[in-house]
>>> print(open('query-v1.cif').read())   # mmCIF, C-alpha atoms, pLDDT in the B column; chains and numbers go by the auth columns
data_structure
#
loop_
_atom_site.group_PDB
_atom_site.id
_atom_site.type_symbol
_atom_site.label_atom_id
_atom_site.label_comp_id
_atom_site.label_asym_id
_atom_site.label_seq_id
_atom_site.Cartn_x
_atom_site.Cartn_y
_atom_site.Cartn_z
_atom_site.B_iso_or_equiv
_atom_site.auth_seq_id
_atom_site.auth_asym_id
ATOM 1 C CA MET A 1 50.008 42.554 -69.488 47.00 20 R
ATOM 2 C CA ALA A 2 48.956 39.542 -71.560 52.00 21 R
ATOM 3 C CA LYS A 3 52.372 37.992 -70.945 56.00 22 R
ATOM 4 C CA ALA A 4 51.861 38.322 -67.186 53.00 23 R
ATOM 5 C CA MET A 5 48.440 36.710 -67.608 53.00 24 R
ATOM 6 C CA ASP A 6 50.222 33.652 -68.998 55.00 25 R
ATOM 7 C CA SER A 7 53.217 33.574 -66.618 54.00 26 R
ATOM 8 C CA LEU A 8 51.535 34.237 -63.239 55.00 27 R
ATOM 9 C CA PRO A 9 48.793 31.597 -63.668 55.00 28 R
ATOM 10 C CA GLY A 10 51.617 29.322 -64.818 57.00 29 R
ATOM 11 C CA SER A 11 53.247 29.827 -61.435 58.00 30 R
ATOM 12 C CA ILE A 12 50.009 28.801 -59.730 62.00 31 R
ATOM 13 C CA ARG A 13 49.654 25.730 -61.947 63.00 32 R
ATOM 14 C CA CYS A 14 53.250 24.669 -61.272 64.00 33 R
ATOM 15 C CA TYR A 15 52.461 24.780 -57.565 67.00 34 R
ATOM 16 C CA VAL A 16 50.729 21.394 -57.892 74.00 35 R
ATOM 17 C CA SER A 17 53.820 19.344 -58.791 75.00 36 R
ATOM 18 C CA PRO A 18 56.061 20.035 -55.763 78.00 37 R
ATOM 19 C CA MET A 19 52.972 20.353 -53.567 81.00 38 R
ATOM 20 C CA SER A 20 51.855 16.829 -54.521 84.00 39 R
ATOM 21 C CA SER A 21 55.251 15.415 -53.632 82.00 40 R
ATOM 22 C CA PHE A 22 55.805 17.085 -50.275 83.00 41 R
ATOM 23 C CA ILE A 23 52.243 17.237 -48.911 88.00 42 R
ATOM 24 C CA PHE A 24 52.307 13.431 -48.815 84.00 43 R
ATOM 25 C CA TYR A 25 55.160 13.094 -46.292 87.00 44 R
ATOM 26 C CA PRO A 26 53.392 13.831 -42.959 88.00 45 R
ATOM 27 C CA ALA A 27 50.800 11.118 -43.681 89.00 46 R
ATOM 28 C CA ILE A 28 53.231 8.274 -44.436 90.00 47 R
ATOM 29 C CA THR A 29 52.870 6.646 -41.009 90.00 48 R
ATOM 30 C CA SER A 30 49.067 6.900 -41.060 92.00 49 R
ATOM 31 C CA ILE A 31 48.852 5.482 -44.570 93.00 50 R
ATOM 32 C CA ALA A 32 51.143 2.569 -43.661 92.00 51 R
ATOM 33 C CA SER A 33 48.978 1.771 -40.643 92.00 52 R
ATOM 34 C CA ASP A 34 45.688 1.915 -42.561 92.00 53 R
ATOM 35 C CA LEU A 35 46.970 -0.176 -45.473 91.00 54 R
ATOM 36 C CA GLY A 36 48.695 -2.722 -43.233 91.00 55 R
ATOM 37 C CA VAL A 37 52.177 -2.229 -44.723 93.00 56 R
ATOM 38 C CA THR A 38 55.478 -0.907 -43.426 91.00 57 R
ATOM 39 C CA VAL A 39 56.641 2.693 -43.638 89.00 58 R
ATOM 40 C CA GLY A 40 59.416 1.453 -45.913 87.00 59 R
ATOM 41 C CA ASN A 41 56.827 0.135 -48.354 90.00 60 R
ATOM 42 C CA VAL A 42 54.956 3.428 -48.398 90.00 61 R
ATOM 43 C CA ASN A 43 58.255 5.190 -49.051 87.00 62 R
ATOM 44 C CA LEU A 44 58.324 3.315 -52.355 89.00 63 R
ATOM 45 C CA ALA A 45 55.469 5.579 -53.386 88.00 64 R
ATOM 46 C CA ILE A 46 57.922 8.468 -53.069 86.00 65 R
ATOM 47 C CA THR A 47 60.478 6.631 -55.198 87.00 66 R
ATOM 48 C CA THR A 48 58.017 5.775 -57.963 90.00 67 R
ATOM 49 C CA TYR A 49 56.707 9.349 -57.914 89.00 68 R
ATOM 50 C CA MET A 50 60.218 10.727 -58.432 86.00 69 R
ATOM 51 C CA ILE A 51 61.071 8.256 -61.204 88.00 70 R
ATOM 52 C CA VAL A 52 57.947 9.100 -63.192 90.00 71 R
ATOM 53 C CA SER A 53 58.445 12.828 -62.572 86.00 72 R
ATOM 54 C CA GLY A 54 61.870 12.546 -64.166 84.00 73 R
ATOM 55 C CA ILE A 55 60.562 10.824 -67.309 85.00 74 R
ATOM 56 C CA THR A 56 57.215 12.487 -68.002 87.00 75 R
ATOM 57 C CA PRO A 57 58.390 16.081 -68.679 85.00 76 R
ATOM 58 C CA ALA A 58 60.485 14.841 -71.615 82.00 77 R
ATOM 59 C CA LEU A 59 57.346 13.340 -73.178 84.00 78 R
ATOM 60 C CA LEU A 60 54.935 16.166 -72.381 85.00 79 R
ATOM 61 C CA GLY A 61 57.373 18.920 -73.302 82.00 80 R
ATOM 62 C CA ASN A 62 57.960 17.413 -76.732 82.00 81 R
ATOM 63 C CA ALA A 63 54.222 16.814 -77.219 85.00 82 R
ATOM 64 C CA ALA A 64 53.442 20.415 -76.251 85.00 83 R
ATOM 65 C CA ASP A 65 55.855 21.686 -78.901 83.00 84 R
ATOM 66 C CA LYS A 66 53.959 19.686 -81.524 84.00 85 R
ATOM 67 C CA PHE A 67 50.323 19.915 -80.429 87.00 86 R
ATOM 68 C CA GLY A 68 50.247 23.084 -78.328 87.00 87 R
ATOM 69 C CA ARG A 69 50.527 24.016 -74.662 87.00 88 R
ATOM 70 C CA ARG A 70 46.807 24.126 -73.880 89.00 89 R
ATOM 71 C CA PRO A 71 45.840 20.552 -74.932 91.00 90 R
ATOM 72 C CA ILE A 72 48.795 19.029 -73.086 90.00 91 R
ATOM 73 C CA TYR A 73 48.102 21.128 -69.985 89.00 92 R
ATOM 74 C CA ILE A 74 44.465 20.015 -70.027 91.00 93 R
ATOM 75 C CA LEU A 75 45.461 16.365 -70.503 92.00 94 R
ATOM 76 C CA ALA A 76 48.076 16.467 -67.738 91.00 95 R
ATOM 77 C CA LEU A 77 45.803 18.148 -65.199 92.00 96 R
ATOM 78 C CA SER A 78 42.930 15.777 -66.024 94.00 97 R
ATOM 79 C CA ILE A 79 45.195 12.782 -65.330 94.00 98 R
ATOM 80 C CA TYR A 80 46.325 14.490 -62.132 94.00 99 R
ATOM 81 C CA ILE A 81 42.773 15.000 -60.861 95.00 100 R
ATOM 82 C CA VAL A 82 41.734 11.408 -61.616 96.00 101 R
ATOM 83 C CA ALA A 83 44.869 10.090 -59.878 95.00 102 R
ATOM 84 C CA ASN A 84 44.178 12.128 -56.744 95.00 103 R
ATOM 85 C CA ILE A 85 40.610 10.877 -56.581 96.00 104 R
ATOM 86 C CA GLY A 86 41.987 7.354 -56.893 95.00 105 R
ATOM 87 C CA LEU A 87 44.462 8.012 -54.070 94.00 106 R
ATOM 88 C CA ALA A 88 41.682 9.317 -51.848 94.00 107 R
ATOM 89 C CA LEU A 89 39.529 6.229 -52.467 94.00 108 R
ATOM 90 C CA GLN A 90 42.126 3.430 -52.688 92.00 109 R
ATOM 91 C CA SER A 91 42.526 0.853 -49.927 90.00 110 R
ATOM 92 C CA SER A 92 45.475 -1.268 -51.082 92.00 111 R
ATOM 93 C CA PHE A 93 49.204 -0.757 -51.449 92.00 112 R
ATOM 94 C CA PRO A 94 49.385 -1.644 -55.197 93.00 113 R
ATOM 95 C CA ALA A 95 46.626 0.884 -55.893 93.00 114 R
ATOM 96 C CA LEU A 96 48.608 3.467 -53.920 93.00 115 R
ATOM 97 C CA LEU A 97 51.724 2.905 -56.047 93.00 116 R
ATOM 98 C CA VAL A 98 49.860 3.013 -59.366 94.00 117 R
ATOM 99 C CA SER A 99 47.874 6.103 -58.389 94.00 118 R
ATOM 100 C CA ARG A 100 51.022 7.896 -57.206 93.00 119 R
ATOM 101 C CA MET A 101 52.693 7.198 -60.553 93.00 120 R
ATOM 102 C CA LEU A 102 49.661 8.579 -62.389 94.00 121 R
ATOM 103 C CA GLN A 103 49.646 11.567 -60.063 93.00 122 R
ATOM 104 C CA SER A 104 53.288 12.213 -60.887 91.00 123 R
ATOM 105 C CA ALA A 105 52.658 11.825 -64.621 91.00 124 R
ATOM 106 C CA GLY A 106 49.916 14.429 -64.450 90.00 125 R
ATOM 107 C CA SER A 107 51.703 16.960 -62.269 87.00 126 R
ATOM 108 C CA SER A 108 55.372 16.785 -63.227 85.00 127 R
ATOM 109 C CA GLY A 109 54.906 18.138 -66.726 81.00 128 R
ATOM 110 C CA THR A 110 53.415 21.431 -65.540 82.00 129 R
ATOM 111 C CA ILE A 111 56.810 22.981 -64.789 80.00 130 R
ATOM 112 C CA SER A 112 58.353 22.123 -68.167 81.00 131 R
ATOM 113 C CA LEU A 113 55.194 23.333 -69.917 84.00 132 R
ATOM 114 C CA GLY A 114 55.397 26.578 -67.979 82.00 133 R
ATOM 115 C CA TYR A 115 58.977 27.209 -69.034 80.00 134 R
ATOM 116 C CA GLY A 116 57.931 26.461 -72.600 83.00 135 R
ATOM 117 C CA ILE A 117 55.291 29.183 -72.397 83.00 136 R
ATOM 118 C CA ILE A 118 57.874 31.667 -71.114 83.00 137 R
ATOM 119 C CA SER A 119 60.167 30.880 -74.042 82.00 138 R
ATOM 120 C CA ASP A 120 57.189 31.455 -76.368 82.00 139 R
ATOM 121 C CA ILE A 121 56.110 34.833 -75.029 80.00 140 R
ATOM 122 C CA ALA A 122 59.362 36.490 -73.941 79.00 141 R
ATOM 123 C CA SER A 123 62.570 37.405 -75.718 80.00 142 R
ATOM 124 C CA PRO A 124 65.849 36.118 -74.200 80.00 143 R
ATOM 125 C CA SER A 125 66.488 39.532 -72.624 80.00 144 R
ATOM 126 C CA GLU A 126 63.089 39.447 -70.854 78.00 145 R
ATOM 127 C CA ARG A 127 62.966 35.838 -69.705 78.00 146 R
ATOM 128 C CA GLY A 128 64.741 36.359 -66.385 77.00 147 R
ATOM 129 C CA SER A 129 61.879 38.510 -65.062 77.00 148 R
ATOM 130 C CA TYR A 130 59.226 36.028 -66.131 77.00 149 R
ATOM 131 C CA VAL A 131 61.153 33.043 -64.776 78.00 150 R
ATOM 132 C CA GLY A 132 61.400 34.828 -61.412 76.00 151 R
ATOM 133 C CA LEU A 133 57.637 35.353 -61.346 74.00 152 R
ATOM 134 C CA PHE A 134 57.011 31.823 -62.584 74.00 153 R
ATOM 135 C CA ASN A 135 59.225 30.219 -59.902 75.00 154 R
ATOM 136 C CA LEU A 136 57.073 31.682 -57.129 75.00 155 R
ATOM 137 C CA GLY A 137 54.812 28.607 -57.112 73.00 156 R
ATOM 138 C CA PRO A 138 57.482 25.860 -57.266 73.00 157 R
ATOM 139 C CA ASN A 139 59.551 27.576 -54.560 77.00 158 R
ATOM 140 C CA VAL A 140 56.681 28.141 -52.125 79.00 159 R
ATOM 141 C CA ALA A 141 55.183 24.644 -52.427 78.00 160 R
ATOM 142 C CA PRO A 142 57.987 22.514 -50.837 79.00 161 R
ATOM 143 C CA PRO A 143 57.997 24.278 -47.436 81.00 162 R
ATOM 144 C CA LEU A 144 54.239 24.834 -47.380 86.00 163 R
ATOM 145 C CA GLY A 145 53.235 21.337 -48.544 86.00 164 R
ATOM 146 C CA PRO A 146 54.231 19.375 -45.408 87.00 165 R
ATOM 147 C CA VAL A 147 52.574 21.984 -43.179 90.00 166 R
ATOM 148 C CA LEU A 148 49.289 21.687 -45.050 91.00 167 R
ATOM 149 C CA GLY A 149 49.583 17.911 -45.247 91.00 168 R
ATOM 150 C CA GLY A 150 50.172 17.581 -41.520 91.00 169 R
ATOM 151 C CA ALA A 151 47.279 19.895 -40.651 94.00 170 R
ATOM 152 C CA ILE A 152 44.859 18.111 -42.982 94.00 171 R
ATOM 153 C CA ALA A 153 45.910 14.620 -41.858 92.00 172 R
ATOM 154 C CA ALA A 154 45.623 15.553 -38.178 92.00 173 R
ATOM 155 C CA ASN A 155 42.173 17.123 -38.472 93.00 174 R
ATOM 156 C CA LEU A 156 40.435 15.381 -41.385 93.00 175 R
ATOM 157 C CA GLY A 157 42.443 12.221 -42.057 93.00 176 R
ATOM 158 C CA TRP A 158 45.071 11.441 -44.688 93.00 177 R
ATOM 159 C CA ARG A 159 42.551 10.780 -47.453 95.00 178 R
ATOM 160 C CA TRP A 160 41.545 14.415 -47.362 95.00 179 R
ATOM 161 C CA ILE A 161 45.076 15.372 -48.413 95.00 180 R
ATOM 162 C CA PHE A 162 44.324 13.899 -51.806 95.00 181 R
ATOM 163 C CA TRP A 163 40.820 15.356 -51.934 96.00 182 R
ATOM 164 C CA PHE A 164 42.373 18.753 -51.230 94.00 183 R
ATOM 165 C CA ILE A 165 44.916 18.553 -54.048 92.00 184 R
ATOM 166 C CA ALA A 166 42.263 17.100 -56.379 94.00 185 R
ATOM 167 C CA ILE A 167 40.244 20.267 -55.768 94.00 186 R
ATOM 168 C CA LEU A 168 43.398 22.342 -56.262 90.00 187 R
ATOM 169 C CA GLY A 169 44.044 20.519 -59.532 90.00 188 R
ATOM 170 C CA GLY A 170 40.465 21.134 -60.651 92.00 189 R
ATOM 171 C CA THR A 171 40.886 24.838 -59.956 89.00 190 R
ATOM 172 C CA CYS A 172 44.080 24.881 -62.015 87.00 191 R
ATOM 173 C CA LEU A 173 42.363 23.001 -64.843 90.00 192 R
ATOM 174 C CA LEU A 174 39.568 25.571 -64.901 89.00 193 R
ATOM 175 C CA LEU A 175 42.160 28.356 -64.928 85.00 194 R
ATOM 176 C CA VAL A 176 43.970 26.755 -67.871 86.00 195 R
ATOM 177 C CA PHE A 177 40.765 26.138 -69.803 87.00 196 R
ATOM 178 C CA LEU A 178 39.458 29.682 -69.386 85.00 197 R
ATOM 179 C CA ALA A 179 42.541 31.884 -69.087 80.00 198 R
ATOM 180 C CA LEU A 180 45.536 30.298 -70.826 81.00 199 R
ATOM 181 C CA SER A 181 46.081 31.396 -74.401 82.00 200 R
ATOM 182 C CA GLU A 182 47.895 29.138 -76.853 83.00 201 R
ATOM 183 C CA THR A 183 51.526 30.178 -77.312 81.00 202 R
ATOM 184 C CA ALA A 184 53.223 27.204 -79.035 82.00 203 R
ATOM 185 C CA ARG A 185 54.918 28.518 -82.164 80.00 204 R
ATOM 186 C CA GLY A 186 54.289 25.309 -84.062 78.00 205 R
ATOM 187 C CA VAL A 187 50.553 26.005 -83.632 80.00 206 R
ATOM 188 C CA VAL A 188 50.020 29.793 -83.612 79.00 207 R
ATOM 189 C CA GLY A 189 53.324 31.031 -85.034 77.00 208 R
ATOM 190 C CA ASN A 190 54.205 34.411 -83.535 73.00 209 R
ATOM 191 C CA GLY A 191 50.664 34.848 -82.232 68.00 210 R
ATOM 192 C CA GLN A 192 48.981 35.836 -85.484 74.00 211 R
ATOM 193 C CA VAL A 193 47.778 32.360 -86.544 78.00 212 R
ATOM 194 C CA PRO A 194 44.266 31.602 -85.162 79.00 213 R
ATOM 195 C CA ALA A 195 44.071 28.655 -82.771 78.00 214 R
ATOM 196 C CA ASN A 196 41.436 25.946 -83.160 80.00 215 R
ATOM 197 C CA GLY A 197 39.910 23.221 -80.997 80.00 216 R
ATOM 198 C CA LEU A 198 41.445 22.829 -77.548 81.00 217 R
ATOM 199 C CA ASN A 199 44.171 25.271 -78.532 81.00 218 R
ATOM 200 C CA ARG A 200 41.590 28.054 -78.502 82.00 219 R
ATOM 201 C CA MET A 201 40.249 29.720 -75.360 80.00 220 R
ATOM 202 C CA PRO A 202 36.436 29.405 -75.128 80.00 221 R
ATOM 203 C CA ILE A 203 36.067 33.003 -73.933 70.00 222 R
ATOM 204 C CA PRO A 204 38.654 35.319 -75.546 63.00 223 R
ATOM 205 C CA PHE A 205 39.749 38.083 -73.204 52.00 224 R
ATOM 206 C CA VAL A 206 39.639 41.717 -74.202 41.00 225 R
ATOM 207 C CA LEU A 207 43.348 41.832 -73.379 45.00 226 R
ATOM 208 C CA ASN A 208 44.068 39.328 -76.114 47.00 227 R
ATOM 209 C CA GLY A 209 42.352 41.536 -78.626 44.00 228 R
ATOM 210 C CA LYS A 210 44.879 44.316 -78.132 42.00 229 R
ATOM 211 C CA LYS A 211 47.708 43.957 -80.573 41.00 230 R
ATOM 212 C CA GLY A 212 50.204 45.670 -78.311 38.00 231 R
ATOM 213 C CA ASP A 213 49.547 43.262 -75.454 40.00 232 R
ATOM 214 C CA THR A 214 49.675 40.089 -77.506 41.00 233 R
ATOM 215 C CA GLU A 215 52.880 40.866 -79.349 44.00 234 R
ATOM 216 C CA VAL A 216 55.342 38.100 -78.615 44.00 235 R
ATOM 217 C CA TYR A 217 58.976 37.457 -79.294 44.00 236 R
ATOM 218 C CA ASN A 218 59.169 37.242 -83.071 46.00 237 R
ATOM 219 C CA GLU A 219 61.088 34.225 -84.264 47.00 238 R
ATOM 220 C CA PRO A 220 60.173 31.949 -87.179 45.00 239 R
ATOM 221 C CA ALA A 221 57.403 29.415 -86.531 46.00 240 R
ATOM 222 C CA GLU A 222 58.272 25.790 -87.028 49.00 241 R
ATOM 223 C CA ALA A 223 56.136 23.587 -89.226 47.00 242 R
ATOM 224 C CA ARG A 224 53.652 21.531 -87.254 52.00 243 R
ATOM 225 C CA LYS A 225 54.499 17.836 -87.345 53.00 244 R
ATOM 226 C CA TRP A 226 52.111 15.163 -86.132 54.00 245 R
ATOM 227 C CA SER A 227 54.201 12.370 -84.627 59.00 246 R
ATOM 228 C CA PHE A 228 54.577 10.506 -81.353 61.00 247 R
ATOM 229 C CA PRO A 229 56.500 12.532 -78.724 62.00 248 R
ATOM 230 C CA ASN A 230 60.169 11.585 -78.665 65.00 249 R
ATOM 231 C CA PRO A 231 61.855 11.986 -75.235 65.00 250 R
ATOM 232 C CA ILE A 232 65.258 11.371 -76.822 71.00 251 R
ATOM 233 C CA THR A 233 65.056 14.888 -78.244 71.00 252 R
ATOM 234 C CA CYS A 234 65.205 16.296 -74.709 72.00 253 R
ATOM 235 C CA LEU A 235 67.827 13.818 -73.505 74.00 254 R
ATOM 236 C CA LYS A 236 70.190 14.924 -76.267 78.00 255 R
ATOM 237 C CA LEU A 237 70.575 18.193 -74.372 77.00 256 R
ATOM 238 C CA LEU A 238 72.609 16.282 -71.772 79.00 257 R
ATOM 239 C CA LEU A 239 75.409 16.149 -74.330 84.00 258 R
ATOM 240 C CA GLU A 240 75.833 19.919 -73.958 84.00 259 R
ATOM 241 C CA ASN A 241 78.464 20.491 -71.255 85.00 260 R
ATOM 242 C CA ASP A 242 76.964 23.660 -69.776 85.00 261 R
ATOM 243 C CA ILE A 243 73.459 22.165 -69.619 83.00 262 R
ATOM 244 C CA PHE A 244 74.760 18.926 -68.104 86.00 263 R
ATOM 245 C CA ILE A 245 76.624 20.774 -65.325 90.00 264 R
ATOM 246 C CA VAL A 246 73.574 22.869 -64.420 85.00 265 R
ATOM 247 C CA LEU A 247 71.295 19.803 -64.392 84.00 266 R
ATOM 248 C CA LEU A 248 73.771 17.803 -62.313 87.00 267 R
ATOM 249 C CA CYS A 249 74.048 20.527 -59.658 86.00 268 R
ATOM 250 C CA ASN A 250 70.278 20.972 -59.487 81.00 269 R
ATOM 251 C CA GLY A 251 69.736 17.207 -59.411 82.00 270 R
ATOM 252 C CA ILE A 252 72.096 16.745 -56.459 87.00 271 R
ATOM 253 C CA TYR A 253 70.420 19.588 -54.583 77.00 272 R
ATOM 254 C CA TYR A 254 66.900 18.286 -55.224 75.00 273 R
ATOM 255 C CA ALA A 255 67.814 14.684 -54.343 79.00 274 R
ATOM 256 C CA THR A 256 69.355 15.821 -51.052 81.00 275 R
ATOM 257 C CA TYR A 257 66.367 18.015 -50.253 73.00 276 R
ATOM 258 C CA CYS A 258 63.905 15.178 -50.902 73.00 277 R
ATOM 259 C CA CYS A 259 65.936 12.740 -48.786 76.00 278 R
ATOM 260 C CA VAL A 260 65.933 15.144 -45.849 75.00 279 R
ATOM 261 C CA GLN A 261 62.192 15.810 -46.163 68.00 280 R
ATOM 262 C CA ALA A 262 61.306 12.114 -46.408 66.00 281 R
ATOM 263 C CA SER A 263 63.380 11.237 -43.333 69.00 282 R
ATOM 264 C CA LEU A 264 61.716 13.750 -41.004 61.00 283 R
#
>>> encode(input="query-v1.cif", output="structure tokens")
Amino acid sequence: MAKAMDSLPGSIRCYVSPMSSFIFYPAITSIASDLGVTVGNVNLAITTYMIVSGITPALLGNAADKFGRRPIYILALSIYIVANIGLALQSSFPALLVSRMLQSAGSSGTISLGYGIISDIASPSERGSYVGLFNLGPNVAPPLGPVLGGAIAANLGWRWIFWFIAILGGTCLLLVFLALSETARGVVGNGQVPANGLNRMPIPFVLNGKKGDTEVYNEPAEARKWSFPNPITCLKLLLENDIFIVLLCNGIYYATYCCVQASL
């Protein structure tokens, strides 16, 4: 039960990353008109978003392994909320680009952090079930995002798109702060090492006090090392043939999907 408490909210939190990308598309024409730039210029905000979303997870994922999932989640979602408020208030094209990059930096790490939590709490034989539950959010967001974005832009104006996802991000931040237990093995080991500071939930749940529910996949904890996150650690995985093939296939699919969505 405690594992589901960590994986299902993770699915909700990971809803914000694809949602933030695709909810933006129906308002491109309106934004271009209000800012006095071309649609092609506004499309650069999509490009910069995608570039940052490809880089940030390597940094946040490595940082989460060292410092814990909770602090990095809280940091990422805080950046995300501030960026969305900036997008809702901005009135210039440079501010749009910078805010979109910050938005991407805050949202894109949520998926990699979520998969990290699954690897912490589930054995290899169990992970398929949790990944299926976890992928509910990322898979629902792309088709639902443009529908919500179009409805909000048509009725309230495009700025309210960003107010809406700022509120959504705030809800996710509250959920993380109150309901997400620390699972990083470099911080809490196999779940028996007490967490401190931001790694600790302010209100421990009764569920987490039951030994049977908090038992996690038992593998040796790594020593905690305080150093700057190194994205090269993640990039080295590209040298593995099986991982490279899977990433290439998924990258081609996602690039094609984004191109089709942006051209509609």
>>> resolve_selection(input="query-v1.cif", expression="the PyMOL selection byres ((chain R and resi 169) around 9)", output="VMD selection string")
chain R and resid 42 to 46 164 to 168 170 to 174 177 180
>>> resolve_selection(input="query-v1.cif", expression="the PyMOL selection byres ((chain R and resi 182) around 10)", output="list in words")
Ile100, Asn103, Ile104, Gly105, Leu106, Ala107, Leu108, Trp177, Arg178, Trp179, Ile180, Phe181, Phe183, Ile184, Ala185, Ile186, Leu187 and Gly188 of chain R
>>> closest_residue(input="query-v1.cif", among="R:Gly156, R:Pro90, R:Pro213, R:Pro113", to="Val56 of chain R", atoms="only C-alpha atoms")
R:Pro113
>>> closest_residue(input="query-v1.cif", among="R:Ser200, R:Ala51, R:Pro157, R:Asn62", to="Tyr92 of chain R", atoms="only C-alpha atoms")
R:Ser200
>>> atom_distance(input="query-v1.cif", atom1="atom CA of Ile91 of chain R", atom2="atom CA of Met120 of chain R")
17.7 Å
>>> residues_around(input="query-v1.cif", residues="Pro161 of chain R", least_positions_apart="6", cutoff="12 Å", atoms="all atoms listed in the file", output="PyMOL selection string")
chain R and resi 33-44+154-155+167-168+273+276-277+279-281
>>> atom_distance(input="query-v1.cif", atom1="atom CA of Ser131 of chain R", atom2="atom CA of Leu79 of chain R")
8.1 Å
>>> atom_distance(input="query-v1.cif", atom1="atom CA of Leu175 of chain R", atom2="atom CA of Ala102 of chain R")
19.7 Å
>>> build_atoms(input="query-v1.cif", residues="segment 85-100 of chain R", atoms="N, CA and C atoms", output="PDB file, in the frame of the given file")
ATOM      1  N   LYS R  85      54.615  20.136 -80.295  1.00 84.00           N
ATOM      2  CA  LYS R  85      53.959  19.686 -81.524  1.00 84.00           C
ATOM      3  C   LYS R  85      52.475  20.033 -81.558  1.00 84.00           C
ATOM      4  N   PHE R  86      51.777  19.801 -80.439  1.00 87.00           N
ATOM      5  CA  PHE R  86      50.323  19.915 -80.429  1.00 87.00           C
ATOM      6  C   PHE R  86      49.808  21.160 -79.718  1.00 87.00           C
ATOM      7  N   GLY R  87      50.670  21.880 -79.031  1.00 87.00           N
ATOM      8  CA  GLY R  87      50.247  23.084 -78.328  1.00 87.00           C
ATOM      9  C   GLY R  87      50.287  22.921 -76.825  1.00 87.00           C
ATOM     10  N   ARG R  88      50.436  24.045 -76.124  1.00 87.00           N
ATOM     11  CA  ARG R  88      50.527  24.016 -74.662  1.00 87.00           C
ATOM     12  C   ARG R  88      49.180  23.684 -74.015  1.00 87.00           C
ATOM     13  N   ARG R  89      48.118  24.299 -74.514  1.00 89.00           N
ATOM     14  CA  ARG R  89      46.807  24.126 -73.880  1.00 89.00           C
ATOM     15  C   ARG R  89      46.341  22.668 -73.855  1.00 89.00           C
ATOM     16  N   PRO R  90      46.324  21.941 -74.981  1.00 91.00           N
ATOM     17  CA  PRO R  90      45.840  20.552 -74.932  1.00 91.00           C
ATOM     18  C   PRO R  90      46.646  19.670 -73.986  1.00 91.00           C
ATOM     19  N   ILE R  91      47.967  19.864 -73.954  1.00 90.00           N
ATOM     20  CA  ILE R  91      48.795  19.029 -73.086  1.00 90.00           C
ATOM     21  C   ILE R  91      48.586  19.405 -71.625  1.00 90.00           C
ATOM     22  N   TYR R  92      48.427  20.698 -71.347  1.00 89.00           N
ATOM     23  CA  TYR R  92      48.102  21.128 -69.985  1.00 89.00           C
ATOM     24  C   TYR R  92      46.787  20.503 -69.526  1.00 89.00           C
ATOM     25  N   ILE R  93      45.777  20.559 -70.379  1.00 91.00           N
ATOM     26  CA  ILE R  93      44.465  20.015 -70.027  1.00 91.00           C
ATOM     27  C   ILE R  93      44.547  18.510 -69.801  1.00 91.00           C
ATOM     28  N   LEU R  94      45.281  17.807 -70.664  1.00 92.00           N
ATOM     29  CA  LEU R  94      45.461  16.365 -70.503  1.00 92.00           C
ATOM     30  C   LEU R  94      46.180  16.042 -69.198  1.00 92.00           C
ATOM     31  N   ALA R  95      47.279  16.745 -68.933  1.00 91.00           N
ATOM     32  CA  ALA R  95      48.076  16.467 -67.738  1.00 91.00           C
ATOM     33  C   ALA R  95      47.276  16.713 -66.464  1.00 91.00           C
ATOM     34  N   LEU R  96      46.567  17.830 -66.404  1.00 92.00           N
ATOM     35  CA  LEU R  96      45.803  18.148 -65.199  1.00 92.00           C
ATOM     36  C   LEU R  96      44.605  17.213 -65.031  1.00 92.00           C
ATOM     37  N   SER R  97      44.033  16.746 -66.121  1.00 94.00           N
ATOM     38  CA  SER R  97      42.930  15.777 -66.024  1.00 94.00           C
ATOM     39  C   SER R  97      43.426  14.464 -65.430  1.00 94.00           C
ATOM     40  N   ILE R  98      44.593  13.993 -65.900  1.00 94.00           N
ATOM     41  CA  ILE R  98      45.195  12.782 -65.330  1.00 94.00           C
ATOM     42  C   ILE R  98      45.482  12.992 -63.851  1.00 94.00           C
ATOM     43  N   TYR R  99      45.981  14.163 -63.518  1.00 94.00           N
ATOM     44  CA  TYR R  99      46.325  14.490 -62.132  1.00 94.00           C
ATOM     45  C   TYR R  99      45.097  14.427 -61.222  1.00 94.00           C
ATOM     46  N   ILE R 100      43.996  14.987 -61.670  1.00 95.00           N
ATOM     47  CA  ILE R 100      42.773  15.000 -60.861  1.00 95.00           C
ATOM     48  C   ILE R 100      42.253  13.582 -60.650  1.00 95.00           C
TER      49      ILE R 100
END
